[in-house]
Amino acid sequence: MSTGTLDPTLPDITTGGPPPARPPGRGNGGDGGGSGDNDGARQPDTSPLAIFGMWIALIPILMLFLAFVSAYVLRHGTGTDWVQGSVPRIVWVSTVLLLASSGLLERARRLAKQNGAFRPWVIGTLTLGVAFVIGQVFAWLSLTAQGVYLSTSPYASFFFLLTISHAVHVAGGLAGLVAAALWPERGWRGTPPATSVRVIAIYWHFLGILWLLLFGLLEIWR
Amino acid sequence: MSVPHPHSTSRPQGFLGRYVFSTDHKVIGVQYWLLALVAVVVAMLLSVLMRLQLAFPTHTWPLLAKIFPTGMSSGVMAPEFYLSLVTMHGTMMVFFVLTTAPMGGFGNFMLPLQIGARDMAFPRLNMLSFWVTCTAFVVLMLAFFVQGGAPLGGWTAYPPLSALGSIAGPGEGAGMTLWIISIALFCAGSVLSALNFLATTLGMRCKGMSMGRLPLTAWAWFTTAVIALLAFPVLLAGGILLLLDRNAGTSFFVPGGLVVAGKLIDHRGGSPLLWQHLFWYFGHPEVYIAILPGMGATSQILSVFSRKPLFGYRAMVGALVAIGLLGFFVWGHHMFVSGMSPYSAIAFSILTLIIGVPSALKTVNWLGTIWGGNLRFTTAMLFALGFVSLFVSGGLTGIALGQTSLDLYLHDTFFVVGHFHIIMGVAAVFAMFAATYYWFPKMFGRLLHEGLGKIHFVLTLVGVYAIFVPMHIQGLMGHPRRYYDASNYTYLTAAQPWHVVITWAAVFTVAAQALFFVNLVWSLRRGPRATANPWEATTLEWTTASPPPHDNFTADPVVYHDPYEYSRPGAPRDYIMQNDPPGAFAEGSS
């Protein structure tokens with residue numbers, strides 16, 4: 001009756017958000033990697049899914065830190081025992097390192113897109129990322145050397161909480177950078193190297209922006 | 001235009017690869033479903049113990065003394081043991097039953113099938129989600145066996161008592177720590193799973209399956225995933241802070257000057273209300289995480305067995321999204337008695353009442369769906385109708401509780417217990433039963449016994465109303481919840497006979513569930529074999545074999561139709577499957 005002939009090829013206009021990640025018609029995001037009857041050349045490109053998945057994964061991380069930050073604001077506003085502190089000086093250095101690492105990774109992402117030699121830039125990012133974490137460790141050590149621990153003051157509690165939580169996520173990012181640096185040229189499970197760089201860049205830039213917000217909260221916001 | 005599908009993913013070999021560490025969404029779905037089944041049995045038995053205590057508070061149970069030598073030494077229940085039962089019952093039901101089965105169980109199994117995908121977007125992540133969730137359950141169960149036993153703080157774990165350790169009670173030591181770790185793990189598993197659901201729904205739909213052609217179930221899982229992604233991280237944050245307060249000496253939640261068990265507590269400046277805000281920012285959306293998939297399944301099942309298109313598809317989708325969205329702005333209605341500003345309370349109250357609008361819209365549309373339909377009273381249909389009944393019963397008392405003035409009286413009484421059990425507990429469980437009777441043939445290739453199912457339905461419906469309606473009456477009498485022996489209070493003597501009634505009703509209802517388990521076991525082995533489409537339904541999961549092959553479909557499906565094309569005038573049969581070619585319907589095929 002009427003139009004039972006709705007064209008299934010019509011573009012999907014009801015989807016609000018993501019790019020049309022029309023899926024791998026066959027196979028599925030990496031389930032069949034080991035099976036022998038699968039010639040790598042015909043494996044569907046899983047890039048859109050990987051990139052989209054990375055974007056979605058930022059939401060819960062953002063929510064986690066938003067919850068911490070609202071706790072900070074509330075505790076700061078209502079607690080009678082709040083003594084404002086400031087971040088150890090080395091944190092300024094590690095902040096610069098993290099921002100610089102994002103710059104290197106952006107260069108890597110653009111090179112990878114044009115099939116350029118992106119790996120040295122990823123390794124550079126990795127180096128600066130490790131340096132950032134070492135900087136944070138020195139910040140924690142400098143505080144404990146002054147007798148400031150997690151339970152010393154509310155500000156100290158939040159300083160350790162926020163910086164350690166952020167560093168844990170950075171550690172995950174470092175693992176991702178290692179993976180991107182080692183990504184096979186012919187791709188792995190349908191994902192080309194350019195995608196691996198793009199995915200880790202989304203995450204890494206996010207951590208950089210997140211760090212700026214946390215840094216602003218801990219150092220500038222009063 | 002569908003092409004034969006070259007098998008790209010060979011079925012994994014070996015028991016471990018196939019059934020334990022499987023990346024197949026169908027196996028993972030069954031794993032979640034079984035986990036929920038184990039949790040529901042344990043949690044149900046805990047509730048029976050609680051009911052025995054409430055009805056017969058001074059009675060001696062020699063047999064129980066042998067099973068619980070510390071909690072019920074000499075056969076009479078210790079107050080702390082009662083509170084640990086309350087806590088573990090609530091935690092298991094909310095997290096490991098109401099969150100696990102509708103989403104992890106049925107969602108995992110059915111979503112890829114319904115959208116014509118071969119699997120979830122990230123199968124390995126899916127496996128990880130399940131095993132993290134399963135570990136969370138094991139950690140929670142361990143709390144029974146550690147020094148001091150299970151925690152006492154209820155599923156809401158309010159500080160300061162939850163933040164102080166064993167000084168606040170025997171279960172508040174190691175048991176409470178395990179509780180927090182379990183919930184943190186559960187949060188992580190749920191977030192990973194939600195991520196997968198979103199990526200799958202948005203990125204893995206087959207050709208022709210526009211968002212406007214998604215079955216309501218898929219919309220419900222999608223909305224639920226969005227809620228889970230936004231809500232669980234906040235609970236995780238709260239859990240981390242609570243853990244630090246307990247084990248690292250911080251004072252996020254513990255105020256100064258607190259004296260507990262005759263001892264001045266060495267914390268200062270924290271805010272117990274901060275936990276309440278974080279908890280309920282998660283906790284209220286969690287209610288919708290539990291119920292939205294049930295709404296989806298109900299919409300689906302009512303349409304199938306009314307042989308009518310779902311009434312108001314777009315409105316139903318809009319209502320799902322509206323309920324999910326509004327759920328994030330009403331957490332304050334759990335805190336009306338916390339001393340919040342009356343202006344905030346009014347705002348939370350109004351927002352809460354507004355949720356009544358999309359809820360009423362859904363109810364009207366469900367009635368519109370069955371109105372004038374050619375009803376088929378299968379067990380699944382009966383349970384779906386039961387869901388609508390319970391949703392209305394529990395929803396109306398929700399409107400009462402949403403009024404600040406009424407809530408000041410009813411807060412923390414049995415009225416609240418009756419309310420949330422009907423709407424969040426039993427309604428959602430009825431939807432799970434409906435889903436089980438409906439999808440069991442697809443999941444296991446055999447039909448459940450309909451006769452047994454119908455008896456199960458009638459007994460359960462009568463039973464749950466007999467349990468939870470009297471609780472409202474007790475609540476109106478002012479009976480507070482979490483009291484382990486109401487006979488200590490003269491003003492509650494009138495409420496005590498109701499406890500006996502409720503307890504017998506509970507024993508009756510629990511006994512009736514034996515029918516369900518007998519049905520499951522018997523039908524798995526002896527039930528009639530299911531055809532691909534035993535209910536003559538339209539959605540894609542019914543286009544493939546029961547149970548579906550490893551890769552779900554022999555050929556990639558292409559969708560030409562809306563999900564609820566029943567009884568279309570002029571069509572050769574009374575349903576048009578979503579992948580039926582336009583115009584030409586092969587008569588009688590399924």
# chains A, B, ... in the order shown; residues from 1 in each chain; ligands from 1
>>> closest_atom_pairs(of="chain B", to="chain A", cutoff="6 Å", atoms="only C-alpha atoms", output="Markdown table")
| residue | atom | partner | partner_atom | distance |
| --- | --- | --- | --- | --- |
| B:Ser8 | CA | A:Gly27 | CA | 5.3 |
| B:Thr9 | CA | A:Gly32 | CA | 4.6 |
| B:Ala121 | CA | A:Gly29 | CA | 5.5 |
| B:Phe122 | CA | A:Gly29 | CA | 5.6 |
| B:Ala199 | CA | A:Gly53 | CA | 5.9 |
| B:Gly203 | CA | A:Ala21 | CA | 4.8 |
| B:Met204 | CA | A:Pro23 | CA | 4.7 |
| B:Gly208 | CA | A:Pro8 | CA | 3.8 |
| B:Ser210 | CA | A:Asp12 | CA | 5.4 |
| B:Met211 | CA | A:Thr14 | CA | 5.6 |
| B:Leu229 | CA | A:Pro60 | CA | 5.5 |
| B:Leu230 | CA | A:Pro60 | CA | 6.0 |
| B:Pro233 | CA | A:Leu64 | CA | 4.8 |
| B:Val234 | CA | A:Ala67 | CA | 5.5 |
| B:Ala237 | CA | A:Leu64 | CA | 5.8 |
| B:Gly249 | CA | A:Ser151 | CA | 5.2 |
| B:Thr250 | CA | A:Ser151 | CA | 4.5 |
| B:Gly269 | CA | A:Gly79 | CA | 4.9 |
| B:Tyr560 | CA | A:Pro8 | CA | 5.8 |
| B:Pro582 | CA | A:Thr5 | CA | 5.1 |
>>> select_by_dssp(residues="chain A", states="alpha helix (DSSP H)", output="number ranges by chain")
A: 47-78, 90-113, 119-145, 154-182, 193-215
>>> residues_around(residues="B:Pro160", least_positions_apart="3", cutoff="12 Å", atoms="only C-alpha atoms", output="ChimeraX atom specification")
/B:153,156-157,163-165,167-168,172,242,245-246,251-260,265,267-276
>>> residues_around(residues="stretch 403-408 of chain B", least_positions_apart="6", cutoff="12 Å", atoms="only C-alpha atoms", output="PyMOL selection string")
chain B and resi 332-354+396-397+415-416+475-476+478
>>> write_last_selection(atoms="N, CA and C atoms", output="PDB file, in the first residue's frame")
ATOM      1  N   GLY B 332      17.277  15.962  43.612  1.00  0.00           N
ATOM      2  CA  GLY B 332      16.992  16.596  44.898  1.00  0.00           C
ATOM      3  C   GLY B 332      15.740  16.075  45.586  1.00  0.00           C
ATOM      4  N   HIS B 333      14.838  15.408  44.823  1.00  0.00           N
ATOM      5  CA  HIS B 333      13.615  14.958  45.497  1.00  0.00           C
ATOM      6  C   HIS B 333      13.878  13.779  46.434  1.00  0.00           C
ATOM      7  N   HIS B 334      15.091  13.253  46.395  1.00  0.00           N
ATOM      8  CA  HIS B 334      15.464  12.243  47.395  1.00  0.00           C
ATOM      9  C   HIS B 334      15.975  12.902  48.670  1.00  0.00           C
ATOM     10  N   MET B 335      16.113  14.240  48.632  1.00  0.00           N
ATOM     11  CA  MET B 335      16.786  14.947  49.718  1.00  0.00           C
ATOM     12  C   MET B 335      15.915  16.048  50.311  1.00  0.00           C
ATOM     13  N   PHE B 336      14.586  15.929  50.147  1.00  0.00           N
ATOM     14  CA  PHE B 336      13.698  16.984  50.646  1.00  0.00           C
ATOM     15  C   PHE B 336      13.881  17.228  52.140  1.00  0.00           C
ATOM     16  N   VAL B 337      14.208  16.169  52.903  1.00  0.00           N
ATOM     17  CA  VAL B 337      14.330  16.352  54.350  1.00  0.00           C
ATOM     18  C   VAL B 337      15.761  16.687  54.768  1.00  0.00           C
ATOM     19  N   SER B 338      16.635  16.965  53.794  1.00  0.00           N
ATOM     20  CA  SER B 338      18.037  17.194  54.138  1.00  0.00           C
ATOM     21  C   SER B 338      18.275  18.618  54.608  1.00  0.00           C
ATOM     22  N   GLY B 339      17.243  19.440  54.637  1.00  0.00           N
ATOM     23  CA  GLY B 339      17.430  20.827  55.040  1.00  0.00           C
ATOM     24  C   GLY B 339      17.755  21.722  53.860  1.00  0.00           C
ATOM     25  N   MET B 340      17.431  21.267  52.667  1.00  0.00           N
ATOM     26  CA  MET B 340      17.722  22.099  51.493  1.00  0.00           C
ATOM     27  C   MET B 340      16.788  23.309  51.465  1.00  0.00           C
ATOM     28  N   SER B 341      17.214  24.316  50.728  1.00  0.00           N
ATOM     29  CA  SER B 341      16.396  25.517  50.593  1.00  0.00           C
ATOM     30  C   SER B 341      15.026  25.138  50.024  1.00  0.00           C
ATOM     31  N   PRO B 342      13.955  25.691  50.594  1.00  0.00           N
ATOM     32  CA  PRO B 342      12.618  25.373  50.072  1.00  0.00           C
ATOM     33  C   PRO B 342      12.476  25.758  48.604  1.00  0.00           C
ATOM     34  N   TYR B 343      13.249  26.762  48.178  1.00  0.00           N
ATOM     35  CA  TYR B 343      13.153  27.152  46.768  1.00  0.00           C
ATOM     36  C   TYR B 343      13.712  26.060  45.873  1.00  0.00           C
ATOM     37  N   SER B 344      14.848  25.474  46.273  1.00  0.00           N
ATOM     38  CA  SER B 344      15.377  24.346  45.501  1.00  0.00           C
ATOM     39  C   SER B 344      14.378  23.203  45.526  1.00  0.00           C
ATOM     40  N   ALA B 345      13.774  22.973  46.692  1.00  0.00           N
ATOM     41  CA  ALA B 345      12.836  21.857  46.821  1.00  0.00           C
ATOM     42  C   ALA B 345      11.671  22.032  45.859  1.00  0.00           C
ATOM     43  N   ILE B 346      11.187  23.273  45.733  1.00  0.00           N
ATOM     44  CA  ILE B 346      10.064  23.518  44.815  1.00  0.00           C
ATOM     45  C   ILE B 346      10.496  23.209  43.382  1.00  0.00           C
ATOM     46  N   ALA B 347      11.718  23.655  43.028  1.00  0.00           N
ATOM     47  CA  ALA B 347      12.203  23.398  41.667  1.00  0.00           C
ATOM     48  C   ALA B 347      12.298  21.891  41.412  1.00  0.00           C
ATOM     49  N   PHE B 348      12.898  21.170  42.366  1.00  0.00           N
ATOM     50  CA  PHE B 348      13.018  19.720  42.190  1.00  0.00           C
ATOM     51  C   PHE B 348      11.636  19.069  42.132  1.00  0.00           C
ATOM     52  N   SER B 349      10.719  19.581  42.931  1.00  0.00           N
ATOM     53  CA  SER B 349       9.378  19.011  42.977  1.00  0.00           C
ATOM     54  C   SER B 349       8.677  19.188  41.628  1.00  0.00           C
ATOM     55  N   ILE B 350       8.759  20.403  41.086  1.00  0.00           N
ATOM     56  CA  ILE B 350       8.075  20.660  39.811  1.00  0.00           C
ATOM     57  C   ILE B 350       8.680  19.809  38.698  1.00  0.00           C
ATOM     58  N   LEU B 351      10.022  19.752  38.677  1.00  0.00           N
ATOM     59  CA  LEU B 351      10.673  18.940  37.637  1.00  0.00           C
ATOM     60  C   LEU B 351      10.261  17.479  37.775  1.00  0.00           C
ATOM     61  N   THR B 352      10.130  17.015  39.029  1.00  0.00           N
ATOM     62  CA  THR B 352       9.727  15.631  39.251  1.00  0.00           C
ATOM     63  C   THR B 352       8.333  15.385  38.696  1.00  0.00           C
ATOM     64  N   LEU B 353       7.430  16.324  38.987  1.00  0.00           N
ATOM     65  CA  LEU B 353       6.051  16.134  38.528  1.00  0.00           C
ATOM     66  C   LEU B 353       5.979  16.164  37.007  1.00  0.00           C
ATOM     67  N   ILE B 354       6.886  16.941  36.384  1.00  0.00           N
ATOM     68  CA  ILE B 354       6.865  17.020  34.916  1.00  0.00           C
ATOM     69  C   ILE B 354       7.143  15.645  34.294  1.00  0.00           C
ATOM     70  N   LEU B 396       1.778   6.569  40.238  1.00  0.00           N
ATOM     71  CA  LEU B 396       0.871   7.496  40.923  1.00  0.00           C
ATOM     72  C   LEU B 396       1.390   7.851  42.317  1.00  0.00           C
ATOM     73  N   THR B 397       1.922   6.851  43.038  1.00  0.00           N
ATOM     74  CA  THR B 397       2.461   7.178  44.363  1.00  0.00           C
ATOM     75  C   THR B 397       3.728   8.017  44.223  1.00  0.00           C
ATOM     76  N   PHE B 415       5.907   3.635  52.988  1.00  0.00           N
ATOM     77  CA  PHE B 415       5.237   4.129  51.782  1.00  0.00           C
ATOM     78  C   PHE B 415       6.247   4.208  50.634  1.00  0.00           C
ATOM     79  N   VAL B 416       7.436   4.715  50.957  1.00  0.00           N
ATOM     80  CA  VAL B 416       8.489   4.826  49.945  1.00  0.00           C
ATOM     81  C   VAL B 416       8.939   3.435  49.505  1.00  0.00           C
ATOM     82  N   GLY B 475       3.161   2.723  55.705  1.00  0.00           N
ATOM     83  CA  GLY B 475       3.859   4.002  55.576  1.00  0.00           C
ATOM     84  C   GLY B 475       2.974   5.153  56.005  1.00  0.00           C
ATOM     85  N   LEU B 476       1.691   5.096  55.609  1.00  0.00           N
ATOM     86  CA  LEU B 476       0.760   6.155  56.030  1.00  0.00           C
ATOM     87  C   LEU B 476       0.589   6.164  57.538  1.00  0.00           C
ATOM     88  N   GLY B 478       2.949   5.813  59.417  1.00  0.00           N
ATOM     89  CA  GLY B 478       4.183   6.399  59.935  1.00  0.00           C
ATOM     90  C   GLY B 478       5.257   5.377  60.252  1.00  0.00           C
TER      91      GLY B 478
END
>>> residues_around(residues="stretch 386-388 of chain B", least_positions_apart="3", cutoff="9 Å", atoms="only C-alpha atoms", output="PyMOL selection string")
chain B and resi 294-295+298+363+366-367+381-383+391-393+423+426-431+434+457+461
>>> write_last_selection(atoms="N, CA and C atoms", output="compact mmCIF listing (two decimals), in the first residue's frame")
# COMPACT_ATOMS: atom_id res chain seq x y z
N GLY B 294 12.65 -1.89 30.12
CA GLY B 294 11.36 -2.54 30.34
C GLY B 294 10.26 -1.86 29.55
N MET B 295 10.32 -0.53 29.48
CA MET B 295 9.34 0.20 28.67
C MET B 295 9.48 -0.18 27.20
N THR B 298 8.10 -3.68 26.70
CA THR B 298 6.64 -3.66 26.79
C THR B 298 6.02 -3.11 25.51
N THR B 363 1.90 5.60 28.90
CA THR B 363 0.80 4.74 29.33
C THR B 363 -0.37 4.83 28.36
N TRP B 366 0.42 2.98 25.25
CA TRP B 366 0.34 1.51 25.40
C TRP B 366 -1.12 1.07 25.32
N LEU B 367 -1.98 1.83 26.00
CA LEU B 367 -3.41 1.50 25.93
C LEU B 367 -3.91 1.67 24.50
N MET B 381 2.74 -11.43 26.70
CA MET B 381 1.74 -10.35 26.63
C MET B 381 1.19 -10.07 28.02
N LEU B 382 0.89 -11.14 28.78
CA LEU B 382 0.33 -10.94 30.12
C LEU B 382 1.31 -10.17 31.00
N PHE B 383 2.57 -10.56 30.95
CA PHE B 383 3.56 -9.86 31.78
C PHE B 383 3.73 -8.41 31.33
N PHE B 391 3.30 -0.13 36.50
CA PHE B 391 3.88 1.18 36.20
C PHE B 391 2.93 2.30 36.62
N VAL B 392 1.64 2.08 36.35
CA VAL B 392 0.64 3.07 36.76
C VAL B 392 0.54 3.11 38.29
N SER B 393 0.44 1.94 38.92
CA SER B 393 0.29 1.89 40.38
C SER B 393 1.48 2.55 41.07
N ILE B 423 7.37 0.25 41.37
CA ILE B 423 7.70 0.84 40.06
C ILE B 423 9.08 0.44 39.57
N VAL B 426 9.34 -4.31 40.92
CA VAL B 426 8.45 -5.33 40.34
C VAL B 426 8.08 -5.01 38.90
N ALA B 427 7.82 -3.73 38.59
CA ALA B 427 7.48 -3.41 37.21
C ALA B 427 8.63 -3.83 36.29
N ALA B 428 9.84 -3.47 36.68
CA ALA B 428 10.99 -3.83 35.84
C ALA B 428 11.15 -5.34 35.77
N VAL B 429 10.89 -6.03 36.87
CA VAL B 429 10.99 -7.49 36.86
C VAL B 429 9.91 -8.09 35.95
N PHE B 430 8.72 -7.50 35.98
CA PHE B 430 7.68 -8.00 35.08
C PHE B 430 8.10 -7.83 33.62
N ALA B 431 8.72 -6.70 33.33
CA ALA B 431 9.19 -6.50 31.96
C ALA B 431 10.26 -7.54 31.61
N ALA B 434 8.45 -10.68 30.93
CA ALA B 434 7.85 -10.58 29.60
C ALA B 434 8.91 -10.82 28.54
N PHE B 457 2.37 -16.15 35.95
CA PHE B 457 2.00 -14.73 35.86
C PHE B 457 0.93 -14.38 36.89
N LEU B 461 1.49 -11.83 39.95
CA LEU B 461 0.79 -10.53 39.96
C LEU B 461 0.04 -10.35 41.28
